[in-house]
Amino acid sequence: MAEKLLNQLRSAIRVRNYSIRTEQAYSFWVKRYIRFHDLKHPGQMGEPEVVAFLTHLAVERNVSANTQNLALSALVFLYKHILDKPLGDITKTIRAKKPQKLPSVLTREEVAGVLRNLEGSHKLIASMLYGSGLRLTEALRLRVKDLNFTYACIQVNDAKGAKDRVVTFPEVLHRSVHVHLEQVKILHDTDLLRGNGAVHLPGALYRKYPTASKSWPWQFVFPARRISRDPRSNHVGRHHVDLSTFQKGLKVAIQASGIERQASSHTFRHSFATHALENGVDIRTVQQQLGHSSLETTEIYTHVLKRGGQAVRSPLEDIFPSTL
């Protein structure tokens with residue numbers, strides 16, 4: 001019975017064109033919810049059981065606010081779209097409040113140091129995260145057709161919030177990307193000769209354009225090393241580089257650069273925004289580049305600038321003008 005429910009959940013998610021990561025996350029939390037209540041069917045439960053589960057996560061499991069909210073979103077989706085029993089106002093009262101944190105930002109010298117410790121496609125990916133302000137998933141999902149060398153821009157399609165946007169494509173990367181794409185084209189041609197070469201297409205495009213999946217413009221800019229099977233369509237082809245593969249390589253490069261504070265792929269996006277504002281770029285332009293719906297989200301980077309080491313002169317320097 002639980003498997004049937006999960007299949008209904010997956011179908012409802014795919015109909016709404018949610019990402020496979022959302023599908024996996026929602027399925028995971030619905031299974032956790034059912035197991036927590038001793039395999040009782042969710043249709044026989046309601047708001048009290050949802051509250052009990054989320055309380056367990058917060059108090060006993062000590063999960064983060066983001067994790068609590070993700071679990072809640074999965075259950076809200078389940079009760080609204082599968083069981084037709086929408087949860088009431090409790091969703092407003094039990095949603096965890098996210099702590100307000102300032103983003104971690106690298107200096108320009110630190111960014112350069114990390115890039116020097118990366119090679120090949122990983123170096124290009126990290127350069128695009130910093131040079132264009134992309135999220136990691138956005139960079140990995142780029143198709144050949146999304147790169148515009150003439151106008152030095154990149155088309156980001158179906159990003160967070162199902163939004164499209166255009167971002168800058170640093171000209172300093174053009175030559176390296178050209179060389180990279182030449183190697184990718186050879187790989188793609190080899191795949192075609194072996195009967196593969198098809199990539200996953202978003203939505204129902206594979207029905208509208210049957211040959212597009214094997215065409216060069218639709219290929220991923222950063223393809224994986226191995227052929228794999230798409231978990232949704234069951235088609236065999238070459239997907240993009242796996243997130244964890246890049247993240248592991250980046251972690252090694254960060255450590256090799258001698259950076260001791262917390263840093264990740266998203267830190268490059270934070271650094272792009274902060275350094276762009278330092279260079280005098282208008283904050284609304286930065287907002288558009290990052291794809292933020294609200295200007296308030298982008299304004300957090302102005303707080304980083306104001307709270308930097310040069311923002312306030314310490315009174316200790318008035319007492320001791322020279323080194324202690």
# chains A, B, ... in the order shown; residues from 1 in each chain; ligands from 1

call {"tool": "select_by_dssp", "arguments": {"residues": "segment 84-254 of chain A", "states": "strand (DSSP E or B)", "output": "ChimeraX atom specification"}}
result
/A:143,147-148,153-159,163-168,220,223,228-229,236-237,240

call {"tool": "residues_around", "arguments": {"residues": "Leu129 of chain A", "least_positions_apart": "6", "cutoff": "12 Å", "atoms": "only C-alpha atoms", "output": "JSON, numbers by chain"}}
result
{"A": [111, 115, 122, 123, 135, 136, 137, 138, 139, 140, 167, 168, 169, 170, 173, 250, 264, 265, 266, 267, 268, 269, 270, 271, 272, 273, 289, 290]}

call {"tool": "write_last_selection", "arguments": {"atoms": "C-alpha atoms", "output": "PDB file, in the first residue's frame"}}
result
ATOM      1  CA  VAL A 111      39.248  32.457  -5.358  1.00  0.00           C
ATOM      2  CA  LEU A 115      41.020  27.854  -9.235  1.00  0.00           C
ATOM      3  CA  HIS A 122      36.152  21.208 -12.715  1.00  0.00           C
ATOM      4  CA  LYS A 123      38.164  24.392 -13.151  1.00  0.00           C
ATOM      5  CA  ARG A 135      24.290  27.927  -8.743  1.00  0.00           C
ATOM      6  CA  LEU A 136      26.074  24.589  -9.059  1.00  0.00           C
ATOM      7  CA  THR A 137      23.025  22.832 -10.523  1.00  0.00           C
ATOM      8  CA  GLU A 138      22.624  25.646 -13.058  1.00  0.00           C
ATOM      9  CA  ALA A 139      26.215  25.273 -14.236  1.00  0.00           C
ATOM     10  CA  LEU A 140      25.999  21.486 -14.519  1.00  0.00           C
ATOM     11  CA  VAL A 167      23.821  36.093 -17.030  1.00  0.00           C
ATOM     12  CA  THR A 168      27.223  37.335 -18.066  1.00  0.00           C
ATOM     13  CA  PHE A 169      29.644  34.959 -19.794  1.00  0.00           C
ATOM     14  CA  PRO A 170      33.168  36.196 -18.937  1.00  0.00           C
ATOM     15  CA  LEU A 173      36.635  31.936 -20.368  1.00  0.00           C
ATOM     16  CA  LEU A 250      36.391  21.366  -4.963  1.00  0.00           C
ATOM     17  CA  SER A 264      31.630  25.353  -0.737  1.00  0.00           C
ATOM     18  CA  SER A 265      30.469  25.664  -4.335  1.00  0.00           C
ATOM     19  CA  HIS A 266      27.832  28.200  -3.240  1.00  0.00           C
ATOM     20  CA  THR A 267      30.571  30.355  -1.708  1.00  0.00           C
ATOM     21  CA  PHE A 268      31.697  31.208  -5.252  1.00  0.00           C
ATOM     22  CA  ARG A 269      28.211  32.581  -6.009  1.00  0.00           C
ATOM     23  CA  HIS A 270      28.308  34.650  -2.804  1.00  0.00           C
ATOM     24  CA  SER A 271      31.756  35.916  -3.743  1.00  0.00           C
ATOM     25  CA  PHE A 272      30.560  36.899  -7.230  1.00  0.00           C
ATOM     26  CA  ALA A 273      27.759  39.031  -5.771  1.00  0.00           C
ATOM     27  CA  GLN A 289      22.169  38.108 -12.446  1.00  0.00           C
ATOM     28  CA  LEU A 290      21.529  35.954  -9.377  1.00  0.00           C
TER      29      LEU A 290
END

call {"tool": "closest_atom_pairs", "arguments": {"of": "segment 200-298 of chain A", "to": "segment 178-187 of chain A", "cutoff": "10 Å", "atoms": "only C-alpha atoms", "output": "tab-separated table"}}
result
residue	atom	partner	partner_atom	distance
A:Trp216	CA	A:Lys185	CA	7.5
A:Gln219	CA	A:Val184	CA	8.8
A:Phe220	CA	A:Val184	CA	8.7
A:Val221	CA	A:Leu181	CA	7.0
A:Phe222	CA	A:Val184	CA	7.9
A:Pro223	CA	A:Val184	CA	7.5
A:Arg225	CA	A:Leu187	CA	9.5
A:Arg238	CA	A:Leu187	CA	9.9

call {"tool": "write_last_selection", "arguments": {"atoms": "C-alpha atoms", "output": "PDB file, in the first residue's frame"}}
result
ATOM      1  CA  TRP A 216      24.726  18.723 -30.624  1.00  0.00           C
ATOM      2  CA  GLN A 219      24.189  18.170 -25.247  1.00  0.00           C
ATOM      3  CA  PHE A 220      25.423  19.032 -21.764  1.00  0.00           C
ATOM      4  CA  VAL A 221      28.422  21.371 -21.612  1.00  0.00           C
ATOM      5  CA  PHE A 222      29.846  19.274 -18.772  1.00  0.00           C
ATOM      6  CA  PRO A 223      29.009  15.621 -19.553  1.00  0.00           C
ATOM      7  CA  ARG A 225      32.486  10.331 -17.849  1.00  0.00           C
ATOM      8  CA  ARG A 238      25.295  10.563 -21.043  1.00  0.00           C
TER       9      ARG A 238
END

call {"tool": "select_by_dssp", "arguments": {"residues": "segment 49-92 of chain A", "states": "helix (DSSP H, G or I)", "output": "PDB file with N, CA and C atoms, in the first residue's frame"}}
result
ATOM      1  N   GLU A  49      -0.638  14.077  13.805  1.00  0.00           N
ATOM      2  CA  GLU A  49       0.489  13.182  13.489  1.00  0.00           C
ATOM      3  C   GLU A  49       1.605  13.932  12.773  1.00  0.00           C
ATOM      4  N   VAL A  50       1.232  14.901  11.932  1.00  0.00           N
ATOM      5  CA  VAL A  50       2.245  15.716  11.249  1.00  0.00           C
ATOM      6  C   VAL A  50       3.028  16.531  12.267  1.00  0.00           C
ATOM      7  N   VAL A  51       2.322  17.145  13.211  1.00  0.00           N
ATOM      8  CA  VAL A  51       2.977  17.941  14.255  1.00  0.00           C
ATOM      9  C   VAL A  51       3.902  17.061  15.093  1.00  0.00           C
ATOM     10  N   ALA A  52       3.440  15.863  15.431  1.00  0.00           N
ATOM     11  CA  ALA A  52       4.257  14.946  16.237  1.00  0.00           C
ATOM     12  C   ALA A  52       5.538  14.567  15.505  1.00  0.00           C
ATOM     13  N   PHE A  53       5.427  14.330  14.217  1.00  0.00           N
ATOM     14  CA  PHE A  53       6.602  13.959  13.418  1.00  0.00           C
ATOM     15  C   PHE A  53       7.602  15.105  13.335  1.00  0.00           C
ATOM     16  N   LEU A  54       7.123  16.302  13.057  1.00  0.00           N
ATOM     17  CA  LEU A  54       8.019  17.457  12.933  1.00  0.00           C
ATOM     18  C   LEU A  54       8.642  17.823  14.282  1.00  0.00           C
ATOM     19  N   THR A  55       7.879  17.642  15.346  1.00  0.00           N
ATOM     20  CA  THR A  55       8.421  17.881  16.687  1.00  0.00           C
ATOM     21  C   THR A  55       9.542  16.893  16.989  1.00  0.00           C
ATOM     22  N   HIS A  56       9.342  15.644  16.591  1.00  0.00           N
ATOM     23  CA  HIS A  56      10.374  14.620  16.756  1.00  0.00           C
ATOM     24  C   HIS A  56      11.655  15.013  16.019  1.00  0.00           C
ATOM     25  N   LEU A  57      11.506  15.518  14.798  1.00  0.00           N
ATOM     26  CA  LEU A  57      12.680  15.927  14.020  1.00  0.00           C
ATOM     27  C   LEU A  57      13.426  17.071  14.705  1.00  0.00           C
ATOM     28  N   ALA A  58      12.666  18.036  15.230  1.00  0.00           N
ATOM     29  CA  ALA A  58      13.281  19.219  15.824  1.00  0.00           C
ATOM     30  C   ALA A  58      13.893  18.934  17.190  1.00  0.00           C
ATOM     31  N   VAL A  59      13.170  18.184  18.034  1.00  0.00           N
ATOM     32  CA  VAL A  59      13.592  17.996  19.423  1.00  0.00           C
ATOM     33  C   VAL A  59      14.553  16.819  19.589  1.00  0.00           C
ATOM     34  N   ALA A  65      16.540  23.994  10.475  1.00  0.00           N
ATOM     35  CA  ALA A  65      15.265  24.590  10.069  1.00  0.00           C
ATOM     36  C   ALA A  65      14.953  24.252   8.616  1.00  0.00           C
ATOM     37  N   ASN A  66      15.969  24.246   7.757  1.00  0.00           N
ATOM     38  CA  ASN A  66      15.760  23.911   6.348  1.00  0.00           C
ATOM     39  C   ASN A  66      15.241  22.491   6.193  1.00  0.00           C
ATOM     40  N   THR A  67      15.782  21.567   6.980  1.00  0.00           N
ATOM     41  CA  THR A  67      15.352  20.173   6.907  1.00  0.00           C
ATOM     42  C   THR A  67      13.922  20.018   7.393  1.00  0.00           C
ATOM     43  N   GLN A  68      13.584  20.707   8.489  1.00  0.00           N
ATOM     44  CA  GLN A  68      12.205  20.672   9.001  1.00  0.00           C
ATOM     45  C   GLN A  68      11.220  21.177   7.949  1.00  0.00           C
ATOM     46  N   ASN A  69      11.573  22.266   7.306  1.00  0.00           N
ATOM     47  CA  ASN A  69      10.674  22.852   6.317  1.00  0.00           C
ATOM     48  C   ASN A  69      10.550  21.987   5.074  1.00  0.00           C
ATOM     49  N   LEU A  70      11.626  21.295   4.716  1.00  0.00           N
ATOM     50  CA  LEU A  70      11.556  20.388   3.573  1.00  0.00           C
ATOM     51  C   LEU A  70      10.624  19.223   3.876  1.00  0.00           C
ATOM     52  N   ALA A  71      10.733  18.665   5.087  1.00  0.00           N
ATOM     53  CA  ALA A  71       9.843  17.575   5.494  1.00  0.00           C
ATOM     54  C   ALA A  71       8.389  18.048   5.509  1.00  0.00           C
ATOM     55  N   LEU A  72       8.163  19.257   6.010  1.00  0.00           N
ATOM     56  CA  LEU A  72       6.807  19.814   6.039  1.00  0.00           C
ATOM     57  C   LEU A  72       6.268  20.004   4.617  1.00  0.00           C
ATOM     58  N   SER A  73       7.088  20.517   3.723  1.00  0.00           N
ATOM     59  CA  SER A  73       6.655  20.730   2.333  1.00  0.00           C
ATOM     60  C   SER A  73       6.253  19.416   1.670  1.00  0.00           C
ATOM     61  N   ALA A  74       7.008  18.354   1.967  1.00  0.00           N
ATOM     62  CA  ALA A  74       6.682  17.038   1.409  1.00  0.00           C
ATOM     63  C   ALA A  74       5.316  16.571   1.895  1.00  0.00           C
ATOM     64  N   LEU A  75       5.043  16.761   3.188  1.00  0.00           N
ATOM     65  CA  LEU A  75       3.770  16.316   3.743  1.00  0.00           C
ATOM     66  C   LEU A  75       2.610  17.200   3.292  1.00  0.00           C
ATOM     67  N   VAL A  76       2.859  18.490   3.137  1.00  0.00           N
ATOM     68  CA  VAL A  76       1.835  19.395   2.606  1.00  0.00           C
ATOM     69  C   VAL A  76       1.444  18.966   1.196  1.00  0.00           C
ATOM     70  N   PHE A  77       2.450  18.627   0.383  1.00  0.00           N
ATOM     71  CA  PHE A  77       2.198  18.170  -0.989  1.00  0.00           C
ATOM     72  C   PHE A  77       1.402  16.864  -0.970  1.00  0.00           C
ATOM     73  N   LEU A  78       1.785  15.940  -0.111  1.00  0.00           N
ATOM     74  CA  LEU A  78       1.122  14.639  -0.012  1.00  0.00           C
ATOM     75  C   LEU A  78      -0.360  14.797   0.334  1.00  0.00           C
ATOM     76  N   TYR A  79      -0.643  15.566   1.370  1.00  0.00           N
ATOM     77  CA  TYR A  79      -2.032  15.695   1.825  1.00  0.00           C
ATOM     78  C   TYR A  79      -2.888  16.528   0.861  1.00  0.00           C
ATOM     79  N   LYS A  80      -2.270  17.476   0.177  1.00  0.00           N
ATOM     80  CA  LYS A  80      -3.040  18.333  -0.723  1.00  0.00           C
ATOM     81  C   LYS A  80      -3.291  17.666  -2.077  1.00  0.00           C
ATOM     82  N   HIS A  81      -2.251  17.086  -2.672  1.00  0.00           N
ATOM     83  CA  HIS A  81      -2.366  16.609  -4.049  1.00  0.00           C
ATOM     84  C   HIS A  81      -2.629  15.111  -4.185  1.00  0.00           C
ATOM     85  N   ILE A  82      -2.328  14.331  -3.154  1.00  0.00           N
ATOM     86  CA  ILE A  82      -2.523  12.882  -3.251  1.00  0.00           C
ATOM     87  C   ILE A  82      -3.730  12.430  -2.428  1.00  0.00           C
ATOM     88  N   ILE A  90      -1.953  24.964  10.490  1.00  0.00           N
ATOM     89  CA  ILE A  90      -0.784  24.523  11.255  1.00  0.00           C
ATOM     90  C   ILE A  90       0.500  24.713  10.466  1.00  0.00           C
ATOM     91  N   THR A  91       0.382  24.726   9.134  1.00  0.00           N
ATOM     92  CA  THR A  91       1.589  24.894   8.311  1.00  0.00           C
ATOM     93  C   THR A  91       2.248  26.243   8.566  1.00  0.00           C
ATOM     94  N   LYS A  92       1.450  27.223   8.978  1.00  0.00           N
ATOM     95  CA  LYS A  92       2.000  28.553   9.273  1.00  0.00           C
ATOM     96  C   LYS A  92       2.632  28.600  10.658  1.00  0.00           C
TER      97      LYS A  92
END

call {"tool": "atom_distance", "arguments": {"atom1": "atom CA of Asn117 of chain A", "atom2": "atom CA of Ile254 of chain A"}}
result
7.9 Å

call {"tool": "residues_around", "arguments": {"residues": "segment 199-215 of chain A", "least_positions_apart": "6", "cutoff": "12 Å", "atoms": "only C-alpha atoms", "output": "PDB file with C-alpha atoms, in the first residue's frame"}}
result
ATOM      1  CA  ARG A  14       6.454  14.684 -12.451  1.00  0.00           C
ATOM      2  CA  VAL A  15       3.174  16.073 -13.809  1.00  0.00           C
ATOM      3  CA  ARG A  16       4.110  19.384 -12.193  1.00  0.00           C
ATOM      4  CA  ASN A  17       7.593  19.196 -13.723  1.00  0.00           C
ATOM      5  CA  TYR A  18       9.410  19.313 -10.383  1.00  0.00           C
ATOM      6  CA  SER A  19      13.070  18.349 -10.376  1.00  0.00           C
ATOM      7  CA  ILE A  20      14.213  14.808  -9.665  1.00  0.00           C
ATOM      8  CA  ARG A 141      22.729  21.600 -16.467  1.00  0.00           C
ATOM      9  CA  LEU A 142      24.000  24.002 -19.099  1.00  0.00           C
ATOM     10  CA  ARG A 143      23.501  22.862 -22.702  1.00  0.00           C
ATOM     11  CA  VAL A 144      25.718  23.844 -25.636  1.00  0.00           C
ATOM     12  CA  LYS A 145      22.912  26.016 -27.039  1.00  0.00           C
ATOM     13  CA  ASN A 157      16.747  27.862 -18.219  1.00  0.00           C
ATOM     14  CA  ASP A 158      14.249  26.541 -15.675  1.00  0.00           C
ATOM     15  CA  ALA A 159      16.334  27.615 -12.701  1.00  0.00           C
ATOM     16  CA  ALA A 162      11.099  27.662 -12.688  1.00  0.00           C
ATOM     17  CA  LYS A 185      31.964  17.088 -29.448  1.00  0.00           C
ATOM     18  CA  HIS A 188      29.369  12.962 -28.414  1.00  0.00           C
ATOM     19  CA  ASP A 189      30.236  11.782 -31.937  1.00  0.00           C
ATOM     20  CA  THR A 190      31.734   8.623 -30.453  1.00  0.00           C
ATOM     21  CA  ASP A 191      28.572   8.010 -28.433  1.00  0.00           C
ATOM     22  CA  LEU A 192      26.447   8.368 -31.566  1.00  0.00           C
ATOM     23  CA  LEU A 193      28.564   5.800 -33.409  1.00  0.00           C
ATOM     24  CA  VAL A 221      28.422  21.371 -21.612  1.00  0.00           C
ATOM     25  CA  PRO A 223      29.009  15.621 -19.553  1.00  0.00           C
ATOM     26  CA  ALA A 224      29.664  12.750 -17.178  1.00  0.00           C
ATOM     27  CA  ILE A 227      26.959   6.414 -19.812  1.00  0.00           C
ATOM     28  CA  SER A 228      24.028   6.002 -17.392  1.00  0.00           C
ATOM     29  CA  ARG A 229      20.316   5.202 -17.309  1.00  0.00           C
ATOM     30  CA  ASP A 230      17.864   8.018 -16.637  1.00  0.00           C
ATOM     31  CA  PRO A 231      15.826   7.063 -13.534  1.00  0.00           C
ATOM     32  CA  ARG A 232      12.652   8.646 -14.920  1.00  0.00           C
ATOM     33  CA  SER A 233      12.603   7.894 -18.646  1.00  0.00           C
ATOM     34  CA  ASN A 234      14.769   4.749 -18.400  1.00  0.00           C
ATOM     35  CA  HIS A 235      16.695   5.980 -21.448  1.00  0.00           C
ATOM     36  CA  VAL A 236      20.408   5.222 -21.649  1.00  0.00           C
ATOM     37  CA  GLY A 237      22.642   8.214 -22.371  1.00  0.00           C
ATOM     38  CA  ARG A 238      25.295  10.563 -21.043  1.00  0.00           C
ATOM     39  CA  HIS A 239      24.112  12.797 -18.215  1.00  0.00           C
ATOM     40  CA  HIS A 240      25.959  15.822 -16.827  1.00  0.00           C
TER      41      HIS A 240
END

call {"tool": "closest_residue", "arguments": {"among": "A:Lys101, A:Glu317, A:Arg32, A:Ile283", "to": "Thr302 of chain A", "atoms": "only C-alpha atoms"}}
result
A:Ile283

call {"tool": "atom_distance", "arguments": {"atom1": "atom CA of Ala198 of chain A", "atom2": "atom CA of Leu243 of chain A"}}
result
20.3 Å

call {"tool": "closest_residue", "arguments": {"among": "A:Leu134, A:Val166, A:Val105, A:Val252", "to": "His275 of chain A", "atoms": "only C-alpha atoms"}}
result
A:Val105
